[in-house]
$ cat data_31.csv   # CSV, C-alpha atoms
chain,number,residue,atom,x,y,z
A,113,ALA,CA,17.4,-0.7,5.7
A,114,ALA,CA,18.3,2.9,6.1
A,115,GLY,CA,15.2,5.0,6.7
A,116,LEU,CA,12.9,2.0,7.3
A,117,ASN,CA,10.5,3.0,10.1
A,118,ILE,CA,9.7,-0.3,11.7
A,119,GLU,CA,9.4,-0.8,15.4
A,120,VAL,CA,10.1,-4.3,16.8
A,121,VAL,CA,7.9,-5.2,19.8
A,122,SER,CA,8.2,-8.5,21.6
A,123,VAL,CA,4.9,-9.6,23.3
A,124,ASP,CA,4.5,-12.0,26.2
A,125,VAL,CA,1.6,-13.9,24.8
A,126,ASP,CA,0.8,-15.4,28.3
A,127,ALA,CA,0.3,-12.0,29.9
A,128,PRO,CA,-3.4,-11.6,30.7
A,129,ASP,CA,-3.6,-7.9,29.9
A,130,VAL,CA,-2.2,-7.9,26.4
A,131,ALA,CA,-4.3,-5.6,24.2
A,132,TRP,CA,-4.2,-7.6,21.0
A,133,SER,CA,-5.9,-4.8,19.0
A,134,GLU,CA,-2.7,-2.8,19.5
A,135,TYR,CA,-1.1,-5.3,17.2
A,136,ALA,CA,-3.9,-5.4,14.7
A,137,ILE,CA,-5.1,-8.9,15.6
A,138,PRO,CA,-8.2,-9.8,17.4
A,139,SER,CA,-6.7,-12.3,19.9
A,140,ALA,CA,-3.6,-14.2,20.8
A,141,PRO,CA,-2.2,-16.1,17.8
A,142,PRO,CA,-3.2,-19.8,17.7
A,143,ASP,CA,0.3,-21.0,16.9
A,144,LEU,CA,3.6,-19.7,18.2
A,145,PRO,CA,6.1,-18.4,17.5
A,146,VAL,CA,4.8,-15.8,15.0
A,147,VAL,CA,5.9,-12.5,13.6
A,148,VAL,CA,3.1,-10.0,12.8
A,149,LEU,CA,3.5,-6.9,10.7
A,150,ALA,CA,1.0,-4.2,11.4
A,151,GLY,CA,0.7,-0.6,10.2
A,152,ARG,CA,-0.7,2.4,11.8
A,153,ARG,CA,-2.8,5.1,10.0
A,154,THR,CA,-1.6,8.4,11.3
A,155,ALA,CA,-5.0,10.2,10.7
A,156,ASP,CA,-7.0,8.0,13.1
A,157,ARG,CA,-4.1,6.3,14.9
A,158,LYS,CA,-5.6,2.9,14.2
A,159,ARG,CA,-3.6,-0.2,13.5
A,160,PHE,CA,-4.2,-2.6,10.6
A,161,PHE,CA,-3.0,-6.1,9.8
A,162,ILE,CA,-0.5,-6.4,6.9
A,163,ASP,CA,1.1,-9.9,7.1
A,164,HIS,CA,2.4,-12.6,9.4
A,165,TRP,CA,5.1,-15.3,9.2
A,166,GLN,CA,5.7,-18.5,11.2
A,167,PRO,CA,8.1,-18.7,12.7
A,168,VAL,CA,9.9,-15.7,11.1
A,169,PRO,CA,10.1,-14.1,7.6
A,170,THR,CA,12.6,-15.5,5.2
A,171,ALA,CA,15.3,-13.4,3.6
A,172,GLU,CA,13.2,-13.1,0.4
A,173,GLU,CA,10.2,-12.0,2.5
A,174,LEU,CA,12.3,-9.4,4.3
A,175,ASP,CA,13.3,-8.0,0.8
A,176,VAL,CA,9.6,-7.4,0.1
A,177,ILE,CA,9.3,-5.4,3.3
A,178,ARG,CA,12.3,-3.2,2.3
A,179,THR,CA,11.1,-2.2,-1.1
A,180,SER,CA,9.1,-3.3,-4.2
A,181,PRO,CA,9.1,-2.2,-7.8
A,182,ALA,CA,6.1,0.1,-7.3
A,183,ARG,CA,7.5,1.7,-4.2
A,184,GLN,CA,10.8,2.3,-6.0
A,185,ALA,CA,8.9,3.8,-8.9
A,186,ILE,CA,7.0,6.1,-6.6
A,187,ARG,CA,10.3,7.2,-4.9
A,188,ASP,CA,11.9,7.8,-8.3
A,189,ALA,CA,8.9,9.9,-9.6
A,190,VAL,CA,7.8,11.8,-6.5
A,191,GLY,CA,11.0,14.0,-6.4
A,192,SER,CA,10.6,15.2,-10.0
A,193,HIS,CA,6.8,15.3,-10.3
A,194,LEU,CA,4.1,17.3,-8.6
A,195,ALA,CA,2.4,14.0,-7.6
A,196,VAL,CA,2.3,10.3,-8.5
A,197,LEU,CA,-1.0,8.7,-9.4
A,198,LEU,CA,-1.0,5.1,-7.9
A,199,TYR,CA,-3.3,3.1,-10.1
A,200,ILE,CA,-4.6,-0.4,-9.2
A,201,PRO,CA,-6.7,-2.0,-11.9
A,202,GLY,CA,-10.0,-3.4,-10.8
A,203,THR,CA,-11.1,-7.0,-11.2
A,204,ASP,CA,-14.7,-6.2,-12.1
A,205,SER,CA,-16.3,-5.7,-15.5
A,206,GLU,CA,-15.4,-2.0,-15.5
A,207,SER,CA,-11.7,-2.7,-15.0
A,208,GLY,CA,-9.3,-0.7,-17.0
A,209,GLN,CA,-11.6,2.2,-17.8
A,210,ALA,CA,-9.8,4.4,-15.3
A,211,GLU,CA,-6.4,3.7,-16.8
A,212,ARG,CA,-7.4,5.0,-20.2
A,213,LEU,CA,-8.8,8.1,-18.6
A,214,LEU,CA,-5.7,8.7,-16.6
A,215,GLU,CA,-3.4,8.3,-19.5
A,216,GLU,CA,-5.5,10.8,-21.6
A,217,LEU,CA,-5.4,13.2,-18.7
A,218,LEU,CA,-1.7,12.9,-18.1
A,219,ARG,CA,-0.6,13.4,-21.7
A,220,PRO,CA,-1.3,17.1,-21.9
A,221,GLN,CA,-0.5,17.7,-18.2
A,222,ASN,CA,3.1,16.4,-18.8
A,223,GLU,CA,3.5,18.4,-22.0
A,224,HIS,CA,3.4,21.6,-19.9
A,225,GLY,CA,6.6,21.1,-18.0
A,226,PRO,CA,8.7,18.8,-15.9
A,227,LEU,CA,6.5,19.0,-12.8
A,228,GLY,CA,3.6,17.1,-14.2
A,229,LEU,CA,2.1,13.9,-12.8
A,230,SER,CA,3.4,10.4,-13.0
A,231,LEU,CA,1.5,7.1,-13.2
A,232,VAL,CA,2.5,4.0,-11.3
A,233,ARG,CA,0.4,0.8,-12.0
A,234,VAL,CA,0.2,-2.0,-9.5
A,235,GLU,CA,-1.4,-5.4,-10.0
A,236,ARG,CA,-3.5,-6.7,-7.1
A,237,SER,CA,-2.1,-10.1,-7.6
A,238,ASP,CA,1.6,-9.1,-7.6
A,239,PRO,CA,3.2,-10.8,-4.6
A,240,GLN,CA,6.0,-8.2,-4.5
A,241,GLU,CA,3.4,-5.5,-3.9
A,242,ARG,CA,1.3,-7.2,-1.2
A,243,LEU,CA,2.6,-4.9,1.5
A,244,LEU,CA,1.9,-1.8,-0.5
A,245,LEU,CA,-1.6,-3.1,-1.3
A,246,ALA,CA,-2.2,-3.8,2.4
A,247,PHE,CA,-1.0,-0.4,3.4
A,248,VAL,CA,-3.3,1.4,1.0
A,249,GLY,CA,-6.2,-0.9,1.8
A,250,ALA,CA,-6.7,-2.4,-1.7
A,251,ARG,CA,-8.3,-5.8,-1.5
A,252,ALA,CA,-7.7,-8.8,-3.8
A,253,GLU,CA,-10.9,-7.9,-5.7
A,254,GLY,CA,-12.5,-4.7,-6.4
A,255,SER,CA,-13.0,-1.7,-8.7
A,256,ASP,CA,-10.4,0.4,-10.3
A,257,TRP,CA,-8.5,2.4,-7.6
A,258,VAL,CA,-6.5,5.6,-7.8
A,259,GLY,CA,-4.6,7.2,-5.0
A,260,ILE,CA,-2.4,10.4,-5.1
A,261,VAL,CA,1.1,10.2,-3.6
A,262,PHE,CA,3.0,13.4,-3.1
A,263,GLY,CA,5.8,14.9,-1.0
A,264,PRO,CA,7.6,12.7,1.5
A,265,GLY,CA,5.2,9.8,1.7
A,266,LYS,CA,2.0,11.7,1.8
A,267,PHE,CA,-1.1,9.9,0.5
A,268,MET,CA,-4.5,11.3,-0.3
A,269,PRO,CA,-7.7,9.2,0.2
A,270,PRO,CA,-8.2,7.1,-2.9
A,271,LEU,CA,-10.9,7.3,-5.6
A,272,VAL,CA,-12.6,4.0,-6.4
A,273,GLY,CA,-14.7,2.9,-9.4
A,274,ASP,CA,-17.2,5.5,-10.6
A,275,ALA,CA,-15.5,8.2,-8.4
A,276,ILE,CA,-12.6,8.2,-10.9
A,277,THR,CA,-13.6,11.0,-13.3
A,278,GLU,CA,-11.9,13.7,-15.3
A,279,GLU,CA,-13.0,16.2,-12.7
$ encode --input "data_31.csv" --output "structure tokens"
Amino acid sequence: AAGLNIEVVSVDVDAPDVAWSEYAIPSAPPDLPVVVLAGRRTADRKRFFIDHWQPVPTAEELDVIRTSPARQAIRDAVGSHLAVLLYIPGTDSESGQAERLLEELLRPQNEHGPLGLSLVRVERSDPQERLLLAFVGARAEGSDWVGIVFGPGKFMPPLVGDAITEE
């Protein structure tokens, strides 16, 4: 896809000096062939595992790599808003409290002009969002989670659980 920043690397799995951590996996894969998708955090330049396919991703799985409903919503909103709040509901007993707080905070913010904030909600269990969830580090279970997306793909460290307050 245009603008997709993926680097394809073919690895000789029999080479003795392969640094598997460079591919976000601890050791050589047990079964071959395999395609591994890994990301790299620019701040600490560390790689992280996202997904894998054996032997290769299907056309439907490639579509999930290209885009998702939440990533499209972020793209649509970030150009016309100061920032986008990415909200991932928790799975614990406190789940949903952050969403009510965010909606209350956004209402007056957006009444003051077109450059307010936007809210994009992502379900942890949505298979179309598994790559986004992997990139932001959201696990299958956990507390409410909010990250701020702004500019051309910039992402601030998230707030989780009790750290999500009006302040």
$ residues_around --input "data_31.csv" --residues "A:Val148" --least-positions-apart "6" --cutoff "10 Å" --atoms "all atoms listed in the file" --output "mmCIF file with C-alpha atoms, keeping the file's coordinate frame"
data_model
loop_
_atom_site.group_PDB
_atom_site.id
_atom_site.type_symbol
_atom_site.label_atom_id
_atom_site.label_comp_id
_atom_site.auth_asym_id
_atom_site.auth_seq_id
_atom_site.Cartn_x
_atom_site.Cartn_y
_atom_site.Cartn_z
ATOM 1 C CA VAL A 120 10.100 -4.300 16.800
ATOM 2 C CA VAL A 121 7.900 -5.200 19.800
ATOM 3 C CA TYR A 135 -1.100 -5.300 17.200
ATOM 4 C CA ALA A 136 -3.900 -5.400 14.700
ATOM 5 C CA ILE A 137 -5.100 -8.900 15.600
ATOM 6 C CA PRO A 141 -2.200 -16.100 17.800
ATOM 7 C CA PHE A 161 -3.000 -6.100 9.800
ATOM 8 C CA ILE A 162 -0.500 -6.400 6.900
ATOM 9 C CA ASP A 163 1.100 -9.900 7.100
ATOM 10 C CA HIS A 164 2.400 -12.600 9.400
ATOM 11 C CA TRP A 165 5.100 -15.300 9.200
ATOM 12 C CA GLN A 166 5.700 -18.500 11.200
ATOM 13 C CA VAL A 168 9.900 -15.700 11.100
ATOM 14 C CA PRO A 169 10.100 -14.100 7.600
#
$ closest_atom_pairs --input "data_31.csv" --of "stretch 169-219 of chain A" --to "stretch 227-240 of chain A" --cutoff "6 Å" --atoms "only C-alpha atoms" --output "CSV"
residue,atom,partner,partner_atom,distance
A:Val176,CA,A:Gln240,CA,5.9
A:Ser180,CA,A:Gln240,CA,5.8
A:His193,CA,A:Leu227,CA,4.5
A:Leu194,CA,A:Leu227,CA,5.1
A:Ala195,CA,A:Leu229,CA,5.2
A:Val196,CA,A:Ser230,CA,4.6
A:Leu197,CA,A:Leu231,CA,4.8
A:Leu198,CA,A:Val232,CA,5.0
A:Tyr199,CA,A:Arg233,CA,4.8
A:Ile200,CA,A:Val234,CA,5.1
$ closest_residue --input "data_31.csv" --among "A:Arg251, A:Arg178, A:Arg153, A:Arg219" --to "A:Gly202" --atoms "all atoms listed in the file"
A:Arg251
$ residues_near_point --input "data_31.csv" --point "(7.3, -22.2, 20.2)" --cutoff "10 Å" --atoms "all atoms listed in the file" --output "PyMOL selection string"
chain A and resi 143-146+166-167
$ closest_residue --input "data_31.csv" --among "A:Arg159, A:Glu215, A:Gly254, A:Leu174" --to "A:Pro201" --atoms "all atoms listed in the file"
A:Gly254
$ residues_around --input "data_31.csv" --residues "A:Trp132" --least-positions-apart "6" --cutoff "10 Å" --atoms "only C-alpha atoms" --output "short mmCIF file (atom, residue, chain, number, x, y, z; two decimals) with C-alpha atoms, in the coordinates of the input"
data_model
loop_
_atom_site.label_atom_id
_atom_site.label_comp_id
_atom_site.auth_asym_id
_atom_site.auth_seq_id
_atom_site.Cartn_x
_atom_site.Cartn_y
_atom_site.Cartn_z
CA VAL A 123 4.90 -9.60 23.30
CA VAL A 125 1.60 -13.90 24.80
CA PRO A 138 -8.20 -9.80 17.40
CA SER A 139 -6.70 -12.30 19.90
CA ALA A 140 -3.60 -14.20 20.80
CA PRO A 141 -2.20 -16.10 17.80
#
$ atom_distance --input "data_31.csv" --atom1 "atom CA of A:Arg157" --atom2 "atom CA of A:Glu241"
23.4 Å
$ residues_near_point --input "data_31.csv" --point "(4.8, 16.9, -2.4)" --cutoff "9 Å" --atoms "only C-alpha atoms" --output "PyMOL selection string"
chain A and resi 190-191+193-195+261-266
$ write_last_selection --input "data_31.csv" --atoms "C-alpha atoms" --output "tab-separated table (two decimals), keeping the file's coordinate frame"
chain	number	residue	atom	x	y	z
A	190	VAL	CA	7.80	11.80	-6.50
A	191	GLY	CA	11.00	14.00	-6.40
A	193	HIS	CA	6.80	15.30	-10.30
A	194	LEU	CA	4.10	17.30	-8.60
A	195	ALA	CA	2.40	14.00	-7.60
A	261	VAL	CA	1.10	10.20	-3.60
A	262	PHE	CA	3.00	13.40	-3.10
A	263	GLY	CA	5.80	14.90	-1.00
A	264	PRO	CA	7.60	12.70	1.50
A	265	GLY	CA	5.20	9.80	1.70
A	266	LYS	CA	2.00	11.70	1.80
$ closest_residue --input "data_31.csv" --among "A:Gln184, A:Thr170, A:Ser255, A:Thr154" --to "A:Asp204" --atoms "all atoms listed in the file"
A:Ser255
$ atom_distance --input "data_31.csv" --atom1 "atom CA of A:Pro270" --atom2 "atom CA of A:Trp257"
6.7 Å
$ residues_around --input "data_31.csv" --residues "A:Lys158" --least-positions-apart "6" --cutoff "9 Å" --atoms "only C-alpha atoms" --output "PyMOL selection string"
chain A and resi 134+136+151-152
$ atom_distance --input "data_31.csv" --atom1 "atom CA of A:Ile260" --atom2 "atom CA of A:Leu243"
17.4 Å
$ closest_residue --input "data_31.csv" --among "A:Asp188, A:Phe267, A:Glu253, A:Asp126" --to "A:Thr203" --atoms "only C-alpha atoms"
A:Glu253
